[in-house]
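Structure data follow from protein.cif (mmCIF, C-alpha atoms):
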data_model
loop_
_atom_site.label_atom_id
_atom_site.label_comp_id
_atom_site.auth_asym_id
_atom_site.auth_seq_id
_atom_site.Cartn_x
_atom_site.Cartn_y
_atom_site.Cartn_z
CA MET I 59 0.00 0.00 0.00
CA ILE I 60 1.24 3.50 -0.86
CA CYS I 61 0.71 6.39 1.55
CA TRP I 62 0.78 9.84 -0.08
CA ILE I 63 0.98 12.70 2.40
CA ASN I 64 -0.30 16.19 1.60
CA PRO I 65 1.03 18.48 4.38
CA PHE I 66 -1.32 21.35 3.53
CA THR I 67 -0.25 23.54 6.47
CA GLY I 68 2.69 21.51 7.76
CA LEU I 69 3.40 18.25 9.52
CA ALA I 70 3.59 17.14 13.15
CA GLY I 71 3.58 13.67 14.67
CA ASP I 72 0.10 14.00 16.18
CA MET I 73 -1.32 15.32 12.89
CA LEU I 74 0.09 12.38 10.93
CA LEU I 75 -1.19 9.92 13.54
CA GLY I 76 -4.65 11.51 13.40
CA ALA I 77 -4.71 11.29 9.60
CA LEU I 78 -3.72 7.61 9.60
CA LEU I 79 -6.39 6.83 12.18
CA ASP I 80 -8.89 8.78 10.07
CA ALA I 81 -7.87 6.69 7.04
CA GLY I 82 -8.70 3.47 8.85
CA ALA I 83 -5.80 2.47 11.09
CA PRO I 84 -7.31 0.49 14.02
CA LEU I 85 -6.98 2.50 17.24
CA ASP I 86 -6.83 -0.62 19.43
CA GLU I 87 -3.85 -2.02 17.51
CA VAL I 88 -2.06 1.32 17.74
CA ARG I 89 -2.66 1.45 21.50
CA ALA I 90 -1.43 -2.13 21.88
CA SER I 91 1.84 -1.33 20.08
CA ILE I 92 2.42 1.70 22.30
CA GLY I 93 1.52 -0.29 25.40
CA ALA I 94 4.15 -2.91 24.54
CA THR I 95 6.86 -0.27 25.12
CA GLY I 96 6.15 -0.34 28.85
CA LEU I 97 5.33 3.37 28.91
CA THR I 98 2.79 4.18 31.64
CA GLY I 99 0.63 7.14 32.51
CA TRP I 100 -0.84 7.89 29.09
CA GLU I 101 -4.10 7.65 27.18
CA LEU I 102 -4.59 8.00 23.41
CA GLU I 103 -7.95 9.12 22.07
CA ALA I 104 -9.08 9.78 18.49
CA GLU I 105 -11.51 12.70 18.53
CA ARG I 106 -13.54 13.82 15.51
CA VAL I 107 -13.34 17.58 15.01
CA THR I 108 -14.47 20.04 12.36
CA VAL I 109 -11.96 22.65 11.23
CA HIS I 110 -13.10 25.36 8.81
CA GLY I 111 -15.87 23.04 7.61
CA LEU I 112 -13.58 20.03 7.15
CA THR I 113 -14.04 16.97 9.37
CA ALA I 114 -10.79 15.49 10.62
CA THR I 115 -9.40 13.31 13.42
CA SER I 116 -7.41 14.78 16.28
CA ALA I 117 -5.04 12.36 18.04
CA ARG I 118 -5.15 13.45 21.69
CA VAL I 119 -2.60 12.20 24.20
CA ARG I 120 -3.50 12.67 27.85
CA VAL I 121 -0.72 12.05 30.37
CA THR I 122 -0.40 11.79 34.13
CA ASP I 123 3.40 11.86 34.01
CA SER I 124 4.64 15.45 33.94
CA ALA I 125 8.18 14.60 32.77
CA THR I 126 9.05 16.49 29.59
CA GLU I 127 12.76 15.66 29.45
CA ARG I 128 14.43 12.28 29.01
CA ARG I 129 17.71 10.97 27.71
CA ALA I 130 17.50 9.69 24.16
CA ALA I 131 18.75 6.29 25.35
CA GLU I 132 15.72 5.95 27.64
CA LEU I 133 13.29 6.64 24.80
CA LEU I 134 15.15 4.25 22.48
CA GLU I 135 14.93 1.48 25.06
CA LEU I 136 11.18 1.96 25.35
CA ALA I 137 10.65 2.16 21.57
CA ALA I 138 12.67 -1.01 21.00
CA SER I 139 10.05 -2.93 23.00
CA ALA I 140 7.17 -1.90 20.73
CA ARG I 141 5.41 -4.74 18.93
CA PRO I 142 5.27 -6.05 16.30
CA GLU I 143 8.98 -5.82 15.48
CA PRO I 144 8.64 -3.62 12.34
CA VAL I 145 6.95 -1.00 14.54
CA ALA I 146 9.91 -1.06 16.92
CA ALA I 147 12.34 -0.78 13.99
CA LEU I 148 10.67 2.29 12.48
CA SER I 149 10.21 3.91 15.90
CA THR I 150 13.83 3.45 16.91
CA ALA I 151 14.97 4.71 13.50
CA ALA I 152 12.98 7.93 14.02
CA LEU I 153 14.30 8.43 17.54
CA THR I 154 17.85 7.64 16.42
CA ALA I 155 17.57 10.34 13.76
CA ILE I 156 16.39 12.85 16.38
CA ALA I 157 19.19 11.89 18.78
CA HIS I 158 21.85 12.24 16.08
CA ALA I 159 20.48 15.62 14.98
CA GLU I 160 20.37 16.95 18.55
CA GLY I 161 23.77 15.47 19.38
CA ARG I 162 25.35 17.12 16.36
CA LEU I 163 23.80 20.49 17.21
CA HIS I 164 24.84 20.41 20.86
CA GLY I 165 28.15 18.55 20.50
CA THR I 166 26.89 15.65 22.65
CA ASP I 167 26.94 11.88 22.35
CA PRO I 168 23.57 11.02 20.73
CA ALA I 169 22.77 8.42 23.40
CA GLU I 170 23.36 10.98 26.16
CA VAL I 171 21.35 13.78 24.53
CA HIS I 172 18.63 15.16 26.79
CA LEU I 173 15.49 15.65 24.74
CA HIS I 174 13.44 18.51 26.14
CA GLU I 175 10.19 19.10 24.25
CA LEU I 176 10.70 15.73 22.55
CA GLY I 177 11.29 13.82 25.78
CA GLY I 178 7.71 13.66 27.01
CA HIS I 179 5.06 10.98 26.70
CA ASP I 180 3.34 12.57 23.74
CA ALA I 181 6.43 12.43 21.49
CA LEU I 182 6.95 8.70 22.10
CA VAL I 183 3.23 7.99 21.71
CA ASP I 184 3.15 9.91 18.41
CA ILE I 185 6.23 8.15 17.02
CA VAL I 186 5.26 4.61 17.99
CA GLY I 187 1.64 5.34 17.10
CA VAL I 188 2.48 6.43 13.56
CA ALA I 189 4.77 3.42 13.08
CA ALA I 190 2.00 1.11 14.31
CA ALA I 191 -0.62 2.76 12.08
CA LEU I 192 1.57 2.45 8.97
CA HIS I 193 2.20 -1.22 9.76
CA ALA I 194 -1.49 -1.96 10.43
CA LEU I 195 -2.50 -0.32 7.14
CA GLY I 196 0.07 -2.37 5.20
CA VAL I 197 1.94 0.71 3.96
CA THR I 198 5.09 -0.21 2.03
CA GLU I 199 5.90 3.15 0.46
CA VAL I 200 5.57 6.72 1.77
CA VAL I 201 5.49 9.70 -0.59
CA SER I 202 5.04 13.30 0.54
CA ALA I 203 4.33 16.57 -1.19
CA PRO I 204 6.95 19.27 -0.42
CA LEU I 205 6.89 20.34 3.22
CA PRO I 206 5.86 23.99 3.82
CA LEU I 207 8.26 25.82 6.15
CA GLY I 208 7.06 28.73 8.29
CA THR I 209 8.93 31.83 9.36
CA GLY I 210 9.38 33.79 12.58
CA ARG I 211 10.50 32.37 15.93
CA VAL I 212 9.64 29.49 18.23
CA ARG I 213 10.23 29.27 21.97
CA ALA I 214 12.20 26.22 23.12
CA ALA I 215 14.03 25.07 26.23
CA HIS I 216 17.13 26.99 25.09
CA GLY I 217 15.19 30.20 24.42
CA LEU I 218 13.86 31.76 21.23
CA LEU I 219 14.94 29.99 18.06
CA PRO I 220 14.37 30.84 14.40
CA CYS I 221 11.78 28.94 12.39
CA PRO I 222 12.37 26.32 11.17
CA ALA I 223 14.11 25.19 14.36
CA PRO I 224 17.70 23.94 13.94
CA ALA I 225 16.78 20.34 14.85
CA THR I 226 14.01 20.34 12.26
CA LEU I 227 16.35 21.61 9.55
CA ALA I 228 18.89 18.93 10.43
CA LEU I 229 16.23 16.23 10.11
CA LEU I 230 14.99 17.65 6.80
CA GLU I 231 18.33 17.17 5.04
CA GLY I 232 17.50 15.41 1.79
CA ALA I 233 13.79 16.26 1.98
CA VAL I 234 11.95 18.61 -0.39
CA VAL I 235 10.60 21.79 1.19
CA THR I 236 8.85 24.96 0.08
CA GLY I 237 8.07 28.34 1.62
CA THR I 238 4.72 29.33 3.07
CA ASP I 239 3.06 32.51 4.29
CA LEU I 240 2.41 30.92 7.69
CA ARG I 241 4.44 32.10 10.68
CA GLY I 242 5.75 29.80 13.38
CA GLU I 243 6.64 26.14 13.45
CA THR I 244 4.86 24.30 10.63
CA VAL I 245 7.03 21.17 10.57
CA THR I 246 8.08 19.64 13.89
CA PRO I 247 11.19 17.52 14.52
CA THR I 248 8.93 14.52 15.21
CA GLY I 249 7.16 14.89 11.86
CA ALA I 250 10.46 15.29 10.00
CA ALA I 251 12.02 12.30 11.80
CA LEU I 252 9.09 10.04 10.98
CA LEU I 253 9.36 10.82 7.27
CA ARG I 254 13.10 10.18 7.38
CA ALA I 255 12.65 6.87 9.20
CA ALA I 256 9.94 5.77 6.77
CA GLY I 257 12.27 6.46 3.83
CA ALA I 258 9.80 8.92 2.33
CA ARG I 259 10.38 10.30 -1.12
CA TYR I 260 8.91 13.59 -2.26
CA GLY I 261 6.72 14.55 -5.18
CA PRO I 262 3.20 14.38 -6.60
CA PRO I 263 0.94 11.38 -6.00
CA PRO I 264 2.46 8.27 -7.60
CA THR I 265 0.51 6.06 -9.99
CA MET I 266 -1.95 4.26 -7.75
CA THR I 267 -5.62 3.48 -7.14
CA PRO I 268 -6.82 5.48 -4.10
CA VAL I 269 -8.70 3.41 -1.53
CA ALA I 270 -8.96 5.77 1.47
CA THR I 271 -8.17 9.33 2.53
CA GLY I 272 -7.83 10.61 6.07
CA TYR I 273 -7.35 14.05 7.61
CA GLY I 274 -5.43 14.73 10.80
CA ALA I 275 -5.99 17.97 12.71
CA GLY I 276 -3.31 19.95 14.51
CA THR I 277 -3.81 21.84 17.74
CA ARG I 278 -3.00 25.22 16.25
CA VAL I 279 -6.00 27.26 15.06
CA LEU I 280 -5.48 29.20 11.83
CA PRO I 281 -7.76 32.10 10.91
CA ASP I 282 -8.21 31.35 7.21
CA ARG I 283 -7.61 27.64 6.56
CA PRO I 284 -7.91 24.21 8.20
CA ASN I 285 -4.75 23.17 10.00
CA VAL I 286 -4.73 19.59 8.73
CA VAL I 287 -2.54 17.04 6.99
CA ALA I 288 -4.14 14.65 4.49
CA VAL I 289 -3.03 11.10 3.76
CA THR I 290 -4.25 9.08 0.80
CA LEU I 291 -3.79 5.31 0.73
CA GLY I 292 -3.55 3.67 -2.68
CA ARG I 293 -2.77 0.39 -4.35
CA PRO I 294 0.22 0.56 -6.71
CA GLN I 295 -0.44 0.06 -10.42
CA ASP I 296 1.78 -1.27 -13.17
CA PRO I 297 3.27 1.59 -15.21
CA PRO I 298 1.85 2.19 -18.71
CA GLY I 299 3.37 -0.12 -21.29
CA ALA I 300 4.50 -2.73 -18.75
CA PRO I 301 5.00 -6.03 -20.57
CA ASP I 302 2.68 -8.95 -20.01
CA PRO I 303 4.18 -11.80 -18.02
CA PRO I 304 5.97 -14.24 -20.35
CA ASP I 305 4.53 -17.72 -20.66
CA VAL I 306 7.63 -19.86 -21.07
CA HIS I 307 7.93 -22.89 -18.76
CA GLY I 308 5.29 -21.28 -16.55
CA THR I 309 7.45 -18.23 -15.81
CA THR I 310 5.96 -15.08 -14.29
CA LEU I 311 7.10 -11.47 -14.29
CA GLU I 312 7.34 -10.03 -10.78
CA ALA I 313 7.53 -6.37 -9.74
CA LEU I 314 10.18 -6.02 -7.04
CA VAL I 315 12.09 -3.25 -5.27
CA THR I 316 15.79 -3.06 -4.47
CA LEU I 317 16.81 -1.05 -1.39
CA GLU I 318 20.37 0.28 -1.45
CA THR I 319 22.51 2.32 0.90
CA ASN I 320 26.22 3.22 0.99
CA LEU I 321 27.97 2.40 4.27
CA ASP I 322 31.49 3.42 5.24
CA ASP I 323 31.19 3.29 9.03
CA VAL I 324 29.59 -0.12 9.64
CA THR I 325 31.55 -3.21 10.69
CA GLY I 326 31.50 -6.46 8.77
CA GLU I 327 29.80 -8.17 11.70
CA THR I 328 26.99 -5.61 11.64
CA LEU I 329 26.56 -6.03 7.89
CA ALA I 330 26.38 -9.82 8.24
CA HIS I 331 23.83 -9.46 11.04
CA THR I 332 21.73 -7.03 8.98
CA ILE I 333 21.74 -9.33 5.95
CA ALA I 334 20.70 -12.31 8.09
CA ARG I 335 17.88 -10.33 9.70
CA ALA I 336 16.67 -9.00 6.34
CA LEU I 337 16.43 -12.55 4.99
CA ASP I 338 14.59 -13.65 8.12
CA GLU I 339 12.15 -10.74 7.68
CA GLY I 340 11.21 -11.71 4.14
CA ALA I 341 13.86 -10.25 1.83
CA LEU I 342 14.18 -12.27 -1.36
CA ASP I 343 17.93 -11.69 -1.30
CA ALA I 344 20.45 -9.43 0.43
CA TRP I 345 24.11 -8.81 -0.35
CA THR I 346 26.89 -6.23 -0.36
CA THR I 347 29.25 -4.93 -3.03
CA PRO I 348 32.50 -3.04 -2.37
CA ALA I 349 32.71 0.64 -3.32
CA VAL I 350 35.07 3.59 -3.02
CA MET I 351 33.44 6.79 -1.79
CA LYS I 352 34.63 10.38 -1.67
CA LYS I 353 38.15 11.03 -0.37
CA GLY I 354 39.01 7.44 -1.24
CA ARG I 355 37.11 5.93 1.68
CA PRO I 356 36.40 2.18 1.28
CA ALA I 357 32.76 1.29 1.73
CA GLN I 358 30.13 -1.35 1.14
CA VAL I 359 26.82 -0.93 -0.70
CA LEU I 360 24.09 -2.92 0.99
CA HIS I 361 21.41 -4.25 -1.37
CA VAL I 362 18.10 -5.76 -0.24
CA LEU I 363 15.71 -7.25 -2.81
CA ALA I 364 12.09 -7.29 -1.70
CA ARG I 365 8.50 -7.59 -2.78
CA PRO I 366 6.62 -4.25 -2.51
CA GLU I 367 4.62 -5.35 0.53
CA ALA I 368 7.83 -6.04 2.48
CA VAL I 369 9.62 -2.78 1.65
CA GLY I 370 8.36 -0.87 4.69
CA ARG I 371 9.53 -3.30 7.35
CA LEU I 372 12.83 -4.07 5.59
CA GLN I 373 13.59 -0.38 5.16
CA ALA I 374 12.90 0.24 8.84
CA LEU I 375 15.15 -2.70 9.72
CA VAL I 376 18.09 -1.42 7.63
CA LEU I 377 17.72 2.09 9.06
CA ALA I 378 17.71 0.80 12.63
CA GLU I 379 20.56 -1.73 12.24
CA THR I 380 22.99 0.38 10.19
CA GLY I 381 22.18 3.94 11.26
CA THR I 382 22.26 5.06 7.63
CA LEU I 383 20.69 8.42 6.83
CA GLY I 384 19.18 7.44 3.50
CA ILE I 385 17.99 4.48 1.42
CA ARG I 386 17.49 4.43 -2.34
CA HIS I 387 14.57 2.59 -3.95
CA THR I 388 14.90 1.07 -7.42
CA ALA I 389 12.00 -0.65 -9.15
CA GLN I 390 12.97 -4.02 -10.60
CA THR I 391 11.30 -6.73 -12.64
CA ARG I 392 12.20 -10.37 -12.28
CA VAL I 393 11.33 -13.34 -14.45
CA ALA I 394 10.63 -16.17 -12.01
CA VAL I 395 10.30 -19.85 -12.87
CA PRO I 396 8.12 -22.21 -10.84
CA ARG I 397 9.97 -24.08 -8.15
CA SER I 398 9.35 -26.45 -5.26
CA THR I 399 11.28 -27.67 -2.25
CA ARG I 400 11.40 -31.42 -1.61
CA THR I 401 13.07 -33.50 1.07
CA VAL I 402 15.13 -36.59 0.21
CA ASP I 403 17.03 -39.07 2.38
CA VAL I 404 20.83 -39.25 2.13
CA GLY I 405 22.37 -41.81 4.45
CA GLY I 406 19.41 -41.56 6.79
CA VAL I 407 19.60 -37.76 7.02
CA PRO I 408 16.87 -35.53 5.52
CA VAL I 409 18.14 -33.04 2.94
CA ARG I 410 15.93 -30.38 1.35
CA VAL I 411 16.35 -29.87 -2.39
CA LYS I 412 15.11 -26.84 -4.30
CA GLN I 413 13.90 -27.96 -7.72
CA GLY I 414 12.88 -26.05 -10.83
CA PRO I 415 12.22 -26.95 -14.47
CA PHE I 416 15.93 -26.75 -15.36
CA GLY I 417 17.57 -28.52 -12.44
CA ALA I 418 17.79 -29.03 -8.70
CA LYS I 419 20.12 -28.01 -5.88
CA ALA I 420 20.48 -29.25 -2.32
CA GLU I 421 20.18 -26.76 0.54
CA HIS I 422 23.73 -26.18 1.75
CA ASP I 423 22.99 -26.28 5.50
CA ASP I 424 21.16 -29.61 5.18
CA ALA I 425 23.87 -31.07 2.97
CA ALA I 426 26.60 -29.93 5.40
CA THR I 427 24.75 -31.55 8.32
CA ALA I 428 24.36 -34.79 6.37
CA ALA I 429 28.05 -34.74 5.43
CA ALA I 430 29.06 -34.33 9.07
CA LEU I 431 26.76 -37.14 10.24
CA THR I 432 27.57 -39.64 7.46
CA GLY I 433 31.24 -38.87 6.94
CA LEU I 434 30.66 -38.36 3.22
CA PRO I 435 32.20 -35.40 1.38
CA LEU I 436 29.87 -32.44 1.06
CA ARG I 437 29.94 -32.52 -2.74
CA VAL I 438 28.91 -36.20 -2.71
CA VAL I 439 25.95 -35.52 -0.41
CA ALA I 440 24.81 -32.59 -2.55
CA GLU I 441 25.05 -34.62 -5.77
CA ARG I 442 23.19 -37.63 -4.29
CA ALA I 443 20.41 -35.37 -3.01
CA ARG I 444 20.10 -33.71 -6.42
CA ARG I 445 19.92 -37.03 -8.25
CA LEU I 446 17.36 -38.42 -5.84
CA ALA I 447 15.12 -35.38 -6.29
CA GLU I 448 15.39 -35.45 -10.08
CA ARG I 449 14.80 -39.24 -10.17
CA GLU I 450 11.54 -38.82 -8.22
CA HIS I 451 10.43 -35.83 -10.35
CA PRO I 452 12.41 -35.93 -13.59
CA GLU I 453 10.41 -33.22 -15.34
CA GLY I 454 10.58 -30.65 -12.56
CA SER I 455 7.57 -29.32 -10.75
CA THR I 456 5.11 -26.45 -10.86
CA GLU I 457 4.32 -26.63 -7.15
CA GLU I 458 4.93 -23.48 -5.17
CA GLY I 459 7.86 -23.33 -2.82
CA GLY I 460 10.50 -21.00 -1.44
CA THR I 461 11.93 -18.11 -3.43
CA PRO I 462 15.69 -17.86 -3.95
#
Encoding of this model in structure tokens:
Amino acid sequence: MICWINPFTGLAGDMLLGALLDAGAPLDEVRASIGATGLTGWELEAERVTVHGLTATSARVRVTDSATERRAAELLELAASARPEPVAALSTAALTAIAHAEGRLHGTDPAEVHLHELGGHDALVDIVGVAAALHALGVTEVVSAPLPLGTGRVRAAHGLLPCPAPATLALLEGAVVTGTDLRGETVTPTGAALLRAAGARYGPPPTMTPVATGYGAGTRVLPDRPNVVAVTLGRPQDPPGAPDPPDVHGTTLEALVTLETNLDDVTGETLAHTIARALDEGALDAWTTPAVMKKGRPAQVLHVLARPEAVGRLQALVLAETGTLGIRHTAQTRVAVPRSTRTVDVGGVPVRVKQGPFGAKAEHDDAATAAALTGLPLRVVAERARRLAEREHPEGSTEEGGTP
């Protein structure tokens, strides 16, 4: 599902949460995800309001805890406990982006940054709530119209600051913005961080079939226009002129997405862990290629191949695990042949074999286990398993199975 955001008067975390609830995100599921963090002393309500003749949803957070300042590490620990896991990944990615922006501005270790206005209950509820709503709605791609930036000043814990606030500007690096005649803060750090964590791209509505639109109201009252953000959910459509799937040996043409990011400050162990987690979370494949970046720095490009419906959670995972500040999306098409996975017996040990119309191959881990238990060379086990599978099904199979 695509989520196109129209920040008519700006964007804040509570406005985006209200819009997603208005578009159909189940409030109980959102509350459950927030509750899993262990945060206490809060209530989230979705209230229908009318603003300048337009009906919208206002996400209201009522708290009994008066704390407005927490260390970033405390908030990250709470967000990491959100459930399901993709909600935790997107939430921690947003909070990590805020912590890095604040740390850079104040010359402080991101984990030790004290978040003032962003350290209260409402900020964590908004961030986890938006992540939970996107997950519940099945959103795999976020697109936003340019963000309107206000002028003037805003009062913060450190005194009067120019609009947009420095933290907001830091979080908007790489985004697309435009000027507006509105004064004051129109885009909050929470709103900017959520778009960054969701890997939002910017532009007009993409090609899609709209299925729902929701409006989220802000707390600020404007004299001449509704202070709302609109979100439109849509199903992606094949681009004009897309070829029909070929019909050779039962092959199909699949629309996929490759996520890519350049990394020059991530260890090999972290890369291996990220690849393993991506595969566990539904990536079709994940790998790295070496690269040389500016000033001759060695780096790795991480690639994750995914179906569109898995892009959101895999993107959130990569952001959280690597700390990267940006992920590229590339649309791909893949010709896929039918395949099946069968289990054969080699020396009394079960070995899975992946079989297609043009051949078969034993699963390495199974073959290695069989080799260790039987004392046979690995290549002998793999070849016996292949022959057994092809002998039982010499013409291949059209049954569904795993995807390489």
Go through range 182-276 of chain I and flag each residue having an atom no more than 10 Å from range 127-138 of chain I; for those, report the closest pair of atoms plus their distance in Å to one decimal, using only C-alpha atoms, ordered by chain and rising number, as CSV.
residue,atom,partner,partner_atom,distance
I:Leu182,CA,I:Leu133,CA,7.2
I:Val183,CA,I:Ala137,CA,9.4
I:Ile185,CA,I:Ala137,CA,8.7
I:Val186,CA,I:Ala137,CA,6.9
As a PyMOL selection string, please: the residues near Arg335 in chain I (cut-off 10 Å, only C-alpha atoms, same-chain neighbours under 4 positions excluded).
chain I and resi 329-331+339-341+344+372+375-376+379
Point (0.9, 8.5, -8.6) neighbourhood (10 Å, only C-alpha atoms) written as a VMD selection string:
chain I and resid 60 62 201 261 to 268 292 to 295 297
Would you list the contacts of Gly249 in chain I as a list in words, taking every protein, DNA or RNA residue within 7 Å and counting only C-alpha atoms, but skipping same-chain residues closer than 4 positions in sequence?
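The contact residues come out as Leu69, Ala70, Gly71, Val245 and Leu253 of chain I.
Closest to Arg211 in chain I among I:Gly187, I:Gly111, I:Pro224, I:Gly242 is I:Gly242, based on only C-alpha atoms.
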A straight line from CA of Thr380 in chain I to CA of Thr325 in chain I spans 9.3 Å
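The gap separating CA of Ala146 in chain I from CA of Thr98 in chain I is 17.2 Å, in Å to one decimal.
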